[in-house]
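As stored in structure-v5.pdb (PDB, C-alpha atoms):
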```
ATOM      1  CA  MET A   1     -16.151 -25.499  -8.912
ATOM      2  CA  GLN A   2     -15.635 -21.792  -8.479
ATOM      3  CA  ALA A   3     -13.194 -20.610  -5.831
ATOM      4  CA  THR A   4     -14.774 -18.590  -3.045
ATOM      5  CA  ASN A   5     -13.273 -16.157  -0.554
ATOM      6  CA  PRO A   6     -12.369 -18.211   2.532
ATOM      7  CA  PRO A   7     -12.539 -16.705   6.020
ATOM      8  CA  ALA A   8      -9.539 -15.166   7.800
ATOM      9  CA  GLU A   9      -8.465 -18.320   9.676
ATOM     10  CA  SER A  10      -8.252 -20.305   6.457
ATOM     11  CA  GLN A  11      -6.224 -17.439   4.944
ATOM     12  CA  ASN A  12      -3.650 -18.021   7.703
ATOM     13  CA  ALA A  13      -3.306 -21.648   6.606
ATOM     14  CA  ARG A  14      -2.942 -20.500   3.001
ATOM     15  CA  ARG A  15      -0.231 -18.009   3.957
ATOM     16  CA  ALA A  16       1.764 -20.833   5.542
ATOM     17  CA  THR A  17       1.486 -22.792   2.280
ATOM     18  CA  TYR A  18       2.518 -19.738   0.233
ATOM     19  CA  ALA A  19       5.558 -19.251   2.485
ATOM     20  CA  LEU A  20       6.583 -22.896   2.054
ATOM     21  CA  VAL A  21       6.236 -22.612  -1.733
ATOM     22  CA  PHE A  22       8.302 -19.411  -1.712
ATOM     23  CA  VAL A  23      11.089 -21.096   0.302
ATOM     24  CA  LEU A  24      11.077 -24.023  -2.159
ATOM     25  CA  LEU A  25      11.320 -21.627  -5.118
ATOM     26  CA  ALA A  26      14.225 -19.775  -3.487
ATOM     27  CA  VAL A  27      16.073 -23.025  -2.676
ATOM     28  CA  ILE A  28      15.629 -24.405  -6.202
ATOM     29  CA  THR A  29      16.917 -21.113  -7.677
ATOM     30  CA  ALA A  30      19.959 -21.243  -5.383
ATOM     31  CA  VAL A  31      20.600 -24.862  -6.431
ATOM     32  CA  GLU A  32      20.353 -23.868 -10.113
ATOM     33  CA  VAL A  33      22.853 -21.021  -9.730
ATOM     34  CA  GLY A  34      25.168 -23.280  -7.681
ATOM     35  CA  LEU A  35      25.038 -26.061 -10.309
ATOM     36  CA  SER A  36      25.879 -23.579 -13.078
ATOM     37  CA  TYR A  37      29.172 -22.736 -11.285
ATOM     38  CA  LEU A  38      30.297 -26.356 -10.745
ATOM     39  CA  GLY A  39      32.016 -26.380 -14.120
ATOM     40  CA  LEU A  40      30.168 -29.474 -15.324
ATOM     41  CA  PRO A  41      29.503 -29.881 -19.062
ATOM     42  CA  ARG A  42      26.414 -27.845 -19.982
ATOM     43  CA  THR A  43      24.933 -30.739 -21.945
ATOM     44  CA  SER A  44      24.905 -32.961 -18.845
ATOM     45  CA  LEU A  45      23.004 -30.295 -16.912
ATOM     46  CA  THR A  46      20.369 -29.515 -19.549
ATOM     47  CA  ALA A  47      17.885 -32.157 -18.385
ATOM     48  CA  PRO A  48      18.225 -31.333 -14.632
ATOM     49  CA  PHE A  49      17.881 -27.597 -15.335
ATOM     50  CA  LEU A  50      14.746 -28.166 -17.447
ATOM     51  CA  MET A  51      13.236 -30.383 -14.725
ATOM     52  CA  LEU A  52      13.971 -27.810 -12.001
ATOM     53  CA  SER A  53      12.497 -25.060 -14.188
ATOM     54  CA  LEU A  54       9.354 -27.112 -14.826
ATOM     55  CA  GLY A  55       9.076 -27.758 -11.081
ATOM     56  CA  LYS A  56       9.320 -24.052 -10.241
ATOM     57  CA  ALA A  57       6.797 -23.056 -12.925
ATOM     58  CA  SER A  58       4.398 -25.763 -11.707
ATOM     59  CA  LEU A  59       4.684 -24.572  -8.100
ATOM     60  CA  VAL A  60       3.834 -20.979  -9.099
ATOM     61  CA  ALA A  61       0.905 -22.074 -11.286
ATOM     62  CA  ALA A  62      -0.493 -24.590  -8.792
ATOM     63  CA  PHE A  63      -0.242 -22.529  -5.600
ATOM     64  CA  PHE A  64       0.202 -18.823  -6.426
ATOM     65  CA  MET A  65      -2.207 -18.935  -9.405
ATOM     66  CA  HIS A  66      -4.469 -21.326  -7.452
ATOM     67  CA  LEU A  67      -4.779 -23.854 -10.273
ATOM     68  CA  ARG A  68      -4.600 -26.616  -7.685
ATOM     69  CA  SER A  69      -7.831 -25.496  -6.016
ATOM     70  CA  ASP A  70      -9.585 -23.662  -8.866
ATOM     71  CA  THR A  71     -11.711 -25.138 -11.623
ATOM     72  CA  ARG A  72      -9.796 -27.558 -13.880
ATOM     73  CA  PHE A  73     -10.930 -25.572 -16.938
ATOM     74  CA  TYR A  74      -8.304 -22.842 -16.265
ATOM     75  CA  THR A  75      -5.561 -25.481 -16.165
ATOM     76  CA  TYR A  76      -6.624 -26.660 -19.616
ATOM     77  CA  VAL A  77      -6.611 -23.053 -20.883
ATOM     78  CA  LEU A  78      -2.977 -22.718 -19.753
ATOM     79  CA  VAL A  79      -1.628 -26.169 -20.569
ATOM     80  CA  ILE A  80      -3.270 -26.919 -23.946
ATOM     81  CA  PRO A  81      -1.705 -23.920 -25.806
ATOM     82  CA  ALA A  82       1.677 -24.767 -24.264
ATOM     83  CA  LEU A  83       1.425 -28.399 -25.411
ATOM     84  CA  MET A  84       0.271 -27.349 -28.888
ATOM     85  CA  LEU A  85       3.218 -24.980 -29.134
ATOM     86  CA  LEU A  86       5.606 -27.728 -28.029
ATOM     87  CA  LEU A  87       4.116 -30.144 -30.569
ATOM     88  CA  PHE A  88       4.435 -27.536 -33.329
ATOM     89  CA  ALA A  89       8.059 -26.845 -32.355
ATOM     90  CA  LEU A  90       8.903 -30.563 -32.331
ATOM     91  CA  LEU A  91       7.248 -31.140 -35.712
ATOM     92  CA  THR A  92       9.109 -28.140 -37.155
ATOM     93  CA  ALA A  93      12.421 -29.387 -35.725
ATOM     94  CA  ALA A  94      11.783 -32.894 -37.077
ATOM     95  CA  SER A  95      11.028 -31.652 -40.595
ATOM     96  CA  SER A  96      14.044 -29.320 -40.855
TER      97      SER A  96
ATOM     98  CA  MET B   1     -36.244 -25.753 -21.988
ATOM     99  CA  GLU B   2     -37.651 -22.398 -20.852
ATOM    100  CA  HIS B   3     -36.178 -22.983 -17.404
ATOM    101  CA  ALA B   4     -32.793 -23.877 -18.904
ATOM    102  CA  MET B   5     -32.810 -20.677 -21.004
ATOM    103  CA  ALA B   6     -33.663 -18.576 -17.977
ATOM    104  CA  THR B   7     -30.745 -20.098 -16.065
ATOM    105  CA  HIS B   8     -28.435 -19.440 -18.986
ATOM    106  CA  GLU B   9     -29.604 -15.822 -19.127
ATOM    107  CA  ASP B  10     -29.287 -15.410 -15.364
ATOM    108  CA  HIS B  11     -25.718 -16.673 -15.481
ATOM    109  CA  PHE B  12     -24.928 -14.381 -18.414
ATOM    110  CA  ARG B  13     -26.287 -11.361 -16.554
ATOM    111  CA  ALA B  14     -24.332 -12.326 -13.441
ATOM    112  CA  GLY B  15     -21.172 -12.458 -15.578
ATOM    113  CA  LYS B  16     -20.781 -16.157 -14.859
ATOM    114  CA  LEU B  17     -21.716 -18.046 -17.982
ATOM    115  CA  LEU B  18     -20.407 -21.660 -17.687
ATOM    116  CA  GLY B  19     -20.235 -20.958 -13.949
ATOM    117  CA  LEU B  20     -16.998 -19.027 -14.482
ATOM    118  CA  ASP B  21     -16.335 -15.363 -13.791
ATOM    119  CA  HIS B  22     -16.027 -13.690 -17.210
ATOM    120  CA  ARG B  23     -13.225 -11.385 -16.122
ATOM    121  CA  LYS B  24     -11.167 -14.258 -14.768
ATOM    122  CA  LEU B  25     -11.846 -16.419 -17.830
ATOM    123  CA  GLY B  26     -10.828 -13.452 -19.996
ATOM    124  CA  MET B  27      -7.551 -13.123 -18.108
ATOM    125  CA  TRP B  28      -6.813 -16.833 -18.526
ATOM    126  CA  LEU B  29      -7.525 -16.599 -22.269
ATOM    127  CA  PHE B  30      -5.204 -13.584 -22.461
ATOM    128  CA  ILE B  31      -2.543 -15.633 -20.655
ATOM    129  CA  ALA B  32      -3.066 -18.429 -23.216
ATOM    130  CA  SER B  33      -2.373 -15.907 -26.002
ATOM    131  CA  GLU B  34       0.726 -14.767 -24.118
ATOM    132  CA  VAL B  35       1.940 -18.382 -23.993
ATOM    133  CA  MET B  36       1.873 -18.300 -27.803
ATOM    134  CA  PHE B  37       3.577 -14.887 -27.933
ATOM    135  CA  PHE B  38       6.478 -15.833 -25.683
ATOM    136  CA  GLY B  39       6.530 -19.351 -27.137
ATOM    137  CA  GLY B  40       7.297 -17.888 -30.565
ATOM    138  CA  LEU B  41      10.097 -15.697 -29.202
ATOM    139  CA  ILE B  42      11.560 -18.582 -27.174
ATOM    140  CA  ALA B  43      11.452 -20.898 -30.214
ATOM    141  CA  ALA B  44      13.299 -18.274 -32.266
ATOM    142  CA  PHE B  45      15.904 -17.791 -29.516
ATOM    143  CA  LEU B  46      16.508 -21.549 -29.198
ATOM    144  CA  THR B  47      16.738 -21.963 -32.964
ATOM    145  CA  PHE B  48      19.447 -19.289 -33.128
ATOM    146  CA  LYS B  49      21.191 -20.581 -29.996
ATOM    147  CA  LEU B  50      21.406 -24.163 -31.249
ATOM    148  CA  GLY B  51      21.839 -23.363 -34.946
ATOM    149  CA  THR B  52      24.483 -20.649 -34.637
ATOM    150  CA  PRO B  53      26.205 -21.048 -31.237
ATOM    151  CA  SER B  54      27.761 -17.798 -30.049
ATOM    152  CA  THR B  55      30.559 -17.115 -27.561
ATOM    153  CA  ASP B  56      28.608 -13.983 -26.552
ATOM    154  CA  SER B  57      26.589 -16.115 -24.109
ATOM    155  CA  ALA B  58      29.751 -16.239 -21.937
ATOM    156  CA  LEU B  59      29.188 -12.522 -21.214
ATOM    157  CA  LEU B  60      26.029 -13.324 -19.230
ATOM    158  CA  ASN B  61      26.378 -13.127 -15.433
ATOM    159  CA  VAL B  62      24.373 -16.023 -13.954
ATOM    160  CA  ALA B  63      24.879 -15.008 -10.296
ATOM    161  CA  GLN B  64      23.727 -11.438 -10.892
ATOM    162  CA  VAL B  65      20.646 -12.572 -12.830
ATOM    163  CA  GLY B  66      20.047 -15.266 -10.202
ATOM    164  CA  VAL B  67      19.632 -12.497  -7.622
ATOM    165  CA  ASN B  68      17.225 -10.723  -9.972
ATOM    166  CA  THR B  69      15.291 -13.983 -10.371
ATOM    167  CA  PHE B  70      15.010 -14.230  -6.595
ATOM    168  CA  VAL B  71      13.672 -10.656  -6.509
ATOM    169  CA  LEU B  72      10.934 -11.514  -9.021
ATOM    170  CA  LEU B  73      10.014 -14.735  -7.174
ATOM    171  CA  THR B  74       9.727 -12.695  -3.968
ATOM    172  CA  SER B  75       7.388 -10.266  -5.721
ATOM    173  CA  SER B  76       5.110 -13.173  -6.663
ATOM    174  CA  PHE B  77       5.039 -14.096  -2.974
ATOM    175  CA  THR B  78       4.061 -10.532  -1.980
ATOM    176  CA  VAL B  79       1.292 -10.466  -4.628
ATOM    177  CA  VAL B  80      -0.282 -13.646  -3.321
ATOM    178  CA  LEU B  81      -0.009 -12.240   0.233
ATOM    179  CA  ALA B  82      -1.767  -9.057  -0.948
ATOM    180  CA  LEU B  83      -4.657 -11.152  -2.268
ATOM    181  CA  SER B  84      -4.753 -13.191   0.917
ATOM    182  CA  ALA B  85      -4.802  -9.976   2.982
ATOM    183  CA  ILE B  86      -7.781  -8.416   1.211
ATOM    184  CA  ARG B  87      -9.684 -11.713   1.271
ATOM    185  CA  ALA B  88      -9.280 -11.603   5.054
ATOM    186  CA  GLY B  89     -10.455  -7.959   5.042
ATOM    187  CA  ASP B  90      -6.982  -6.634   5.922
ATOM    188  CA  GLN B  91      -6.748  -3.286   4.073
ATOM    189  CA  ARG B  92      -3.408  -2.356   5.618
ATOM    190  CA  GLY B  93      -1.869  -5.677   4.595
ATOM    191  CA  LEU B  94      -3.158  -5.213   1.048
ATOM    192  CA  ARG B  95      -1.529  -1.784   0.775
ATOM    193  CA  ALA B  96       1.741  -2.973   2.344
ATOM    194  CA  PHE B  97       2.119  -6.006   0.069
ATOM    195  CA  LEU B  98       1.138  -4.059  -3.057
ATOM    196  CA  GLY B  99       3.756  -1.443  -2.117
ATOM    197  CA  LEU B 100       6.381  -4.166  -1.665
ATOM    198  CA  THR B 101       5.428  -5.682  -5.016
ATOM    199  CA  ILE B 102       5.978  -2.337  -6.743
ATOM    200  CA  LEU B 103       9.377  -1.945  -5.076
ATOM    201  CA  LEU B 104      10.433  -5.478  -6.019
ATOM    202  CA  GLY B 105       9.191  -5.048  -9.598
ATOM    203  CA  ALA B 106      11.148  -1.785  -9.862
ATOM    204  CA  ALA B 107      14.214  -3.525  -8.394
ATOM    205  CA  PHE B 108      13.950  -6.268 -11.025
ATOM    206  CA  LEU B 109      13.719  -3.672 -13.818
ATOM    207  CA  SER B 110      16.706  -1.795 -12.357
ATOM    208  CA  GLY B 111      18.692  -5.036 -12.283
ATOM    209  CA  GLN B 112      17.760  -5.722 -15.893
ATOM    210  CA  ALA B 113      18.737  -2.168 -16.935
ATOM    211  CA  PHE B 114      22.078  -2.623 -15.147
ATOM    212  CA  GLU B 115      22.624  -5.936 -16.959
ATOM    213  CA  PHE B 116      21.734  -4.434 -20.349
ATOM    214  CA  ALA B 117      24.123  -1.500 -19.757
ATOM    215  CA  SER B 118      26.945  -3.907 -18.770
ATOM    216  CA  LEU B 119      26.386  -6.032 -21.873
ATOM    217  CA  TYR B 120      26.336  -2.959 -24.135
ATOM    218  CA  ARG B 121      29.684  -1.881 -22.647
ATOM    219  CA  GLU B 122      31.026  -5.356 -23.477
ATOM    220  CA  GLY B 123      29.886  -4.946 -27.081
ATOM    221  CA  LEU B 124      26.766  -7.136 -26.987
ATOM    222  CA  THR B 125      23.983  -5.011 -28.488
ATOM    223  CA  LEU B 126      20.661  -5.412 -30.261
ATOM    224  CA  THR B 127      22.460  -5.169 -33.607
ATOM    225  CA  SER B 128      25.757  -6.921 -32.795
ATOM    226  CA  GLY B 129      24.601 -10.308 -34.060
ATOM    227  CA  VAL B 130      21.940 -12.991 -33.948
ATOM    228  CA  PHE B 131      22.532 -13.753 -30.260
ATOM    229  CA  GLY B 132      22.276 -10.084 -29.231
ATOM    230  CA  SER B 133      19.126  -9.533 -31.303
ATOM    231  CA  SER B 134      17.291 -12.581 -29.967
ATOM    232  CA  PHE B 135      18.532 -12.022 -26.386
ATOM    233  CA  PHE B 136      17.465  -8.368 -26.140
ATOM    234  CA  THR B 137      14.165  -8.980 -27.961
ATOM    235  CA  LEU B 138      13.199 -11.820 -25.618
ATOM    236  CA  THR B 139      14.333 -10.292 -22.322
ATOM    237  CA  GLY B 140      13.208  -6.811 -23.433
ATOM    238  CA  PHE B 141       9.642  -7.947 -24.090
ATOM    239  CA  HIS B 142       9.623  -9.682 -20.717
ATOM    240  CA  GLY B 143      10.874  -6.475 -19.082
ATOM    241  CA  LEU B 144       8.082  -4.564 -20.819
ATOM    242  CA  HIS B 145       5.572  -6.982 -19.269
ATOM    243  CA  VAL B 146       7.104  -6.405 -15.818
ATOM    244  CA  PHE B 147       6.909  -2.634 -16.385
ATOM    245  CA  ILE B 148       3.200  -2.910 -17.307
ATOM    246  CA  GLY B 149       2.713  -5.029 -14.172
ATOM    247  CA  VAL B 150       4.368  -2.369 -11.998
ATOM    248  CA  VAL B 151       2.097   0.334 -13.465
ATOM    249  CA  TRP B 152      -0.921  -1.922 -12.887
ATOM    250  CA  ALA B 153       0.175  -2.575  -9.284
ATOM    251  CA  LEU B 154       0.583   1.172  -8.748
ATOM    252  CA  ARG B 155      -2.949   1.763 -10.009
ATOM    253  CA  ASN B 156      -4.199  -0.998  -7.657
ATOM    254  CA  LEU B 157      -2.337   0.580  -4.727
ATOM    255  CA  ILE B 158      -3.946   3.985  -5.407
ATOM    256  CA  LYS B 159      -7.365   2.319  -5.533
ATOM    257  CA  ALA B 160      -6.574   0.381  -2.331
ATOM    258  CA  MET B 161      -5.556   3.599  -0.540
ATOM    259  CA  ARG B 162      -9.006   4.967  -1.392
ATOM    260  CA  GLY B 163     -10.606   1.836   0.099
ATOM    261  CA  GLY B 164     -11.607   0.499  -3.314
ATOM    262  CA  TYR B 165     -11.270  -3.179  -2.411
ATOM    263  CA  ARG B 166     -13.236  -5.409  -0.066
ATOM    264  CA  ALA B 167     -12.995  -9.120   0.731
ATOM    265  CA  GLU B 168     -15.934  -9.830  -1.580
ATOM    266  CA  THR B 169     -14.732  -7.475  -4.353
ATOM    267  CA  SER B 170     -11.105  -8.567  -4.597
ATOM    268  CA  ILE B 171     -11.325  -9.774  -8.214
ATOM    269  CA  GLY B 172      -9.169  -6.845  -9.408
ATOM    270  CA  ILE B 173      -6.295  -8.005  -7.191
ATOM    271  CA  GLU B 174      -6.814 -11.614  -8.267
ATOM    272  CA  LEU B 175      -6.657 -10.698 -11.981
ATOM    273  CA  PHE B 176      -3.516  -8.628 -11.426
ATOM    274  CA  GLY B 177      -2.030 -11.574  -9.512
ATOM    275  CA  LEU B 178      -2.691 -13.985 -12.387
ATOM    276  CA  TYR B 179      -0.888 -11.632 -14.786
ATOM    277  CA  TRP B 180       2.047 -11.092 -12.422
ATOM    278  CA  HIS B 181       2.516 -14.793 -11.662
ATOM    279  CA  PHE B 182       2.419 -15.609 -15.374
ATOM    280  CA  VAL B 183       5.158 -13.031 -16.022
ATOM    281  CA  ASP B 184       7.094 -14.723 -13.196
ATOM    282  CA  ILE B 185       6.661 -18.151 -14.847
ATOM    283  CA  VAL B 186       7.906 -16.738 -18.154
ATOM    284  CA  TRP B 187      11.032 -15.500 -16.370
ATOM    285  CA  ILE B 188      11.582 -18.911 -14.742
ATOM    286  CA  VAL B 189      11.651 -20.403 -18.255
ATOM    287  CA  LEU B 190      13.824 -17.601 -19.695
ATOM    288  CA  PHE B 191      16.342 -17.868 -16.848
ATOM    289  CA  THR B 192      16.790 -21.549 -17.678
ATOM    290  CA  ILE B 193      17.005 -21.419 -21.461
ATOM    291  CA  ILE B 194      19.046 -18.194 -21.714
ATOM    292  CA  TYR B 195      21.373 -18.322 -18.699
ATOM    293  CA  LEU B 196      21.586 -21.927 -17.513
ATOM    294  CA  ILE B 197      21.569 -24.292 -20.493
TER     295      ILE B 197
END
```

Let me see whether you can do it: turn the structure in this file into structure tokens.
Amino acid sequence: MQATNPPAESQNARRATYALVFVLLAVITAVEVGLSYLGLPRTSLTAPFLMLSLGKASLVAAFFMHLRSDTRFYTYVLVIPALMLLLFALLTAASS
Amino acid sequence: MEHAMATHEDHFRAGKLLGLDHRKLGMWLFIASEVMFFGGLIAAFLTFKLGTPSTDSALLNVAQVGVNTFVLLTSSFTVVLALSAIRAGDQRGLRAFLGLTILLGAAFLSGQAFEFASLYREGLTLTSGVFGSSFFTLTGFHGLHVFIGVVWALRNLIKAMRGGYRAETSIGIELFGLYWHFVDIVWIVLFTIIYLI
């Protein structure tokens, strides 16, 4: 399914979604910076930081890059190289 | 068979083989190659960070870079608003949001230049050690991508001021947006692995 150019009224609805996503991104960033100043051991924060980062990246890709509404093929083009890279990195780490 | 070939040829001529816009598919394939490019640099940085831990990472200012991160996230918001504006036929909105994007991109680069200058004063340089080399290489290449994005946005703004975009011919803004958002995603990852963990 190819994305088309929606009329003006539907653009207003999209702008509201974009604004919500932007607020979420800003809040998550503020939480990340706040957590980094709590003085907790870095190792205990690694997993939460990676999850928050993944969440932010997914929000940008899904809504700002329109992967949520665009053809699924573009999602594969983005995700498959990333997964292959991760697999390669894990295999390299395991063998060293 | 003849009918199928004609359809294939029609799609090719319309620039939509597989039902996909060739320019957009090309941008996504470029982004896939960029995933590999930054993936290699990130893997190298993490290998050095975990293999040879350095106290130099304590020189990094998370709050200052957090503000810069917010600036870049805001620029992604203005880019998507620029696309939304032109799709609704709003030329003025397109120009305004492209202008804001350029300002925010320039602000991010200024923040990065300020950070680099501060770190150099503290003794962390490109040649001061493994951490400095991998840090400046990774963040420097990202900064170069932001700089290219700012130049691209400036070119789009000039074209927009000449009325070069319409609701039905907004693909140029969409392609620029894909590039800019990808650069934003790369920074989201870099902020985490360099400054937070």

Counting all atoms listed in the file, which residues from chain B have an atom at most 7 Å from any atom of chain A, and could you show them as a count of residues only? 26

Output as a tab-separated table one row per residue of stretch 101-173 of chain B within 12 Å of stretch 43-49 of chain B: the closest atom pair and its distance in Å to one decimal place, counting all atoms listed in the file, sorted by chain and residue number ascending.
```
residue	atom	partner	partner_atom	distance
B:Gly129	CA	B:Phe48	CA	10.4
B:Val130	CA	B:Phe48	CA	6.8
B:Phe131	CA	B:Phe48	CA	7.0
B:Gly132	CA	B:Phe45	CA	10.0
B:Ser133	CA	B:Phe45	CA	9.0
B:Ser134	CA	B:Phe45	CA	5.4
B:Phe135	CA	B:Phe45	CA	7.1
B:Phe136	CA	B:Phe45	CA	10.1
B:Thr137	CA	B:Phe45	CA	9.1
B:Leu138	CA	B:Phe45	CA	7.6
B:Thr139	CA	B:Phe45	CA	10.5
```

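Here atom CA of B:Tyr120 is placed at a distance of 21.7 Å from atom CA of B:His145.
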
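Closest approach to B:Leu98 from the set B:Thr74, B:Thr169, B:Asn156, B:Thr52 is made by B:Asn156, with distances taken over all atoms listed in the file.
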
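One distance worth recording is that between atom CA of B:Ala96 and atom CA of B:Leu144, which is 24.1 Å.
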
If you count all atoms listed in the file, which residues fall within 12 Å of B:Gly163, apart from same-chain ones fewer than 2 positions away, as a PDB file with C-alpha atoms, keeping the file's coordinate frame?
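part-v6.pdb, written as the output of this step:
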```pdb
ATOM      1  CA  ILE B  86      -7.781  -8.416   1.211  1.00  0.00           C
ATOM      2  CA  GLY B  89     -10.455  -7.959   5.042  1.00  0.00           C
ATOM      3  CA  ASP B  90      -6.982  -6.634   5.922  1.00  0.00           C
ATOM      4  CA  GLN B  91      -6.748  -3.286   4.073  1.00  0.00           C
ATOM      5  CA  ARG B  92      -3.408  -2.356   5.618  1.00  0.00           C
ATOM      6  CA  LEU B  94      -3.158  -5.213   1.048  1.00  0.00           C
ATOM      7  CA  ARG B  95      -1.529  -1.784   0.775  1.00  0.00           C
ATOM      8  CA  ASN B 156      -4.199  -0.998  -7.657  1.00  0.00           C
ATOM      9  CA  LEU B 157      -2.337   0.580  -4.727  1.00  0.00           C
ATOM     10  CA  ILE B 158      -3.946   3.985  -5.407  1.00  0.00           C
ATOM     11  CA  LYS B 159      -7.365   2.319  -5.533  1.00  0.00           C
ATOM     12  CA  ALA B 160      -6.574   0.381  -2.331  1.00  0.00           C
ATOM     13  CA  MET B 161      -5.556   3.599  -0.540  1.00  0.00           C
ATOM     14  CA  TYR B 165     -11.270  -3.179  -2.411  1.00  0.00           C
ATOM     15  CA  ARG B 166     -13.236  -5.409  -0.066  1.00  0.00           C
ATOM     16  CA  ALA B 167     -12.995  -9.120   0.731  1.00  0.00           C
ATOM     17  CA  THR B 169     -14.732  -7.475  -4.353  1.00  0.00           C
ATOM     18  CA  SER B 170     -11.105  -8.567  -4.597  1.00  0.00           C
TER      19      SER B 170
END
```

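Atom to atom, atom CA of B:Lys24 and atom CA of B:Glu174 stand 8.3 Å apart.
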
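The protein and nucleic acid residues lying at most 8 Å from B:His142 are Leu138, Val146, Val183, Val186 and Trp187 of chain B, with only C-alpha atoms considered and sequence neighbours fewer than 4 positions away removed.
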
For the selection just defined, write its residues with C-alpha atoms to a file, as a PDB file, in the coordinates of the input.
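Okay, part-v1.pdb is ready:
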```pdb
ATOM      1  CA  LEU B 138      13.199 -11.820 -25.618  1.00  0.00           C
ATOM      2  CA  VAL B 146       7.104  -6.405 -15.818  1.00  0.00           C
ATOM      3  CA  VAL B 183       5.158 -13.031 -16.022  1.00  0.00           C
ATOM      4  CA  VAL B 186       7.906 -16.738 -18.154  1.00  0.00           C
ATOM      5  CA  TRP B 187      11.032 -15.500 -16.370  1.00  0.00           C
TER       6      TRP B 187
END
```

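With only C-alpha atoms as the atoms that count, the residue of B:Leu190, B:Ser75, B:Leu59, B:Gly40 with the shortest distance to A:Phe88 is B:Gly40.
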
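For the choices B:Phe191, B:Gly164, B:Thr69, B:Met27, the atom-to-atom distance to B:Phe176 is smallest for B:Met27 when using only C-alpha atoms.
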
Which residue gives the smallest distance to B:Trp152 among B:Ser54, B:Thr101, B:Ser110, B:Ser118, with all atoms listed in the file counted? B:Thr101

Hey, could you patch up stretch 183-195 of chain B with N, CA, C and O atoms and hand it over as a short mmCIF file (atom, residue, chain, number, x, y, z; two decimals), keeping the file's coordinate frame?
```cif
data_model
loop_
_atom_site.label_atom_id
_atom_site.label_comp_id
_atom_site.auth_asym_id
_atom_site.auth_seq_id
_atom_site.Cartn_x
_atom_site.Cartn_y
_atom_site.Cartn_z
N VAL B 183 3.90 -13.69 -15.64
CA VAL B 183 5.16 -13.03 -16.02
C VAL B 183 6.33 -13.66 -15.25
O VAL B 183 7.43 -13.82 -15.79
N ASP B 184 6.09 -14.04 -14.02
CA ASP B 184 7.09 -14.72 -13.20
C ASP B 184 7.45 -16.09 -13.81
O ASP B 184 8.63 -16.45 -13.92
N ILE B 185 6.43 -16.84 -14.22
CA ILE B 185 6.66 -18.15 -14.85
C ILE B 185 7.48 -18.00 -16.13
O ILE B 185 8.41 -18.77 -16.39
N VAL B 186 7.15 -16.97 -16.91
CA VAL B 186 7.91 -16.74 -18.15
C VAL B 186 9.38 -16.52 -17.81
O VAL B 186 10.27 -17.06 -18.47
N TRP B 187 9.64 -15.76 -16.73
CA TRP B 187 11.03 -15.50 -16.37
C TRP B 187 11.74 -16.78 -15.90
O TRP B 187 12.91 -17.00 -16.18
N ILE B 188 11.01 -17.63 -15.19
CA ILE B 188 11.58 -18.91 -14.74
C ILE B 188 12.08 -19.70 -15.96
O ILE B 188 13.18 -20.26 -15.96
N VAL B 189 11.27 -19.69 -17.03
CA VAL B 189 11.65 -20.40 -18.26
C VAL B 189 12.84 -19.70 -18.94
O VAL B 189 13.81 -20.34 -19.34
N LEU B 190 12.75 -18.36 -19.03
CA LEU B 190 13.82 -17.60 -19.70
C LEU B 190 15.15 -17.76 -18.97
O LEU B 190 16.21 -17.90 -19.59
N PHE B 191 15.12 -17.72 -17.65
CA PHE B 191 16.34 -17.87 -16.85
C PHE B 191 17.04 -19.19 -17.19
O PHE B 191 18.26 -19.25 -17.34
N THR B 192 16.22 -20.23 -17.36
CA THR B 192 16.79 -21.55 -17.68
C THR B 192 17.35 -21.60 -19.09
O THR B 192 18.51 -21.99 -19.29
N ILE B 193 16.55 -21.20 -20.07
CA ILE B 193 17.00 -21.42 -21.46
C ILE B 193 18.06 -20.41 -21.90
O ILE B 193 18.89 -20.71 -22.76
N ILE B 194 18.06 -19.20 -21.30
CA ILE B 194 19.05 -18.19 -21.71
C ILE B 194 20.33 -18.32 -20.90
O ILE B 194 21.43 -18.31 -21.44
N TYR B 195 20.19 -18.45 -19.57
CA TYR B 195 21.37 -18.32 -18.70
C TYR B 195 21.96 -19.66 -18.23
O TYR B 195 23.14 -19.74 -17.92
#
```
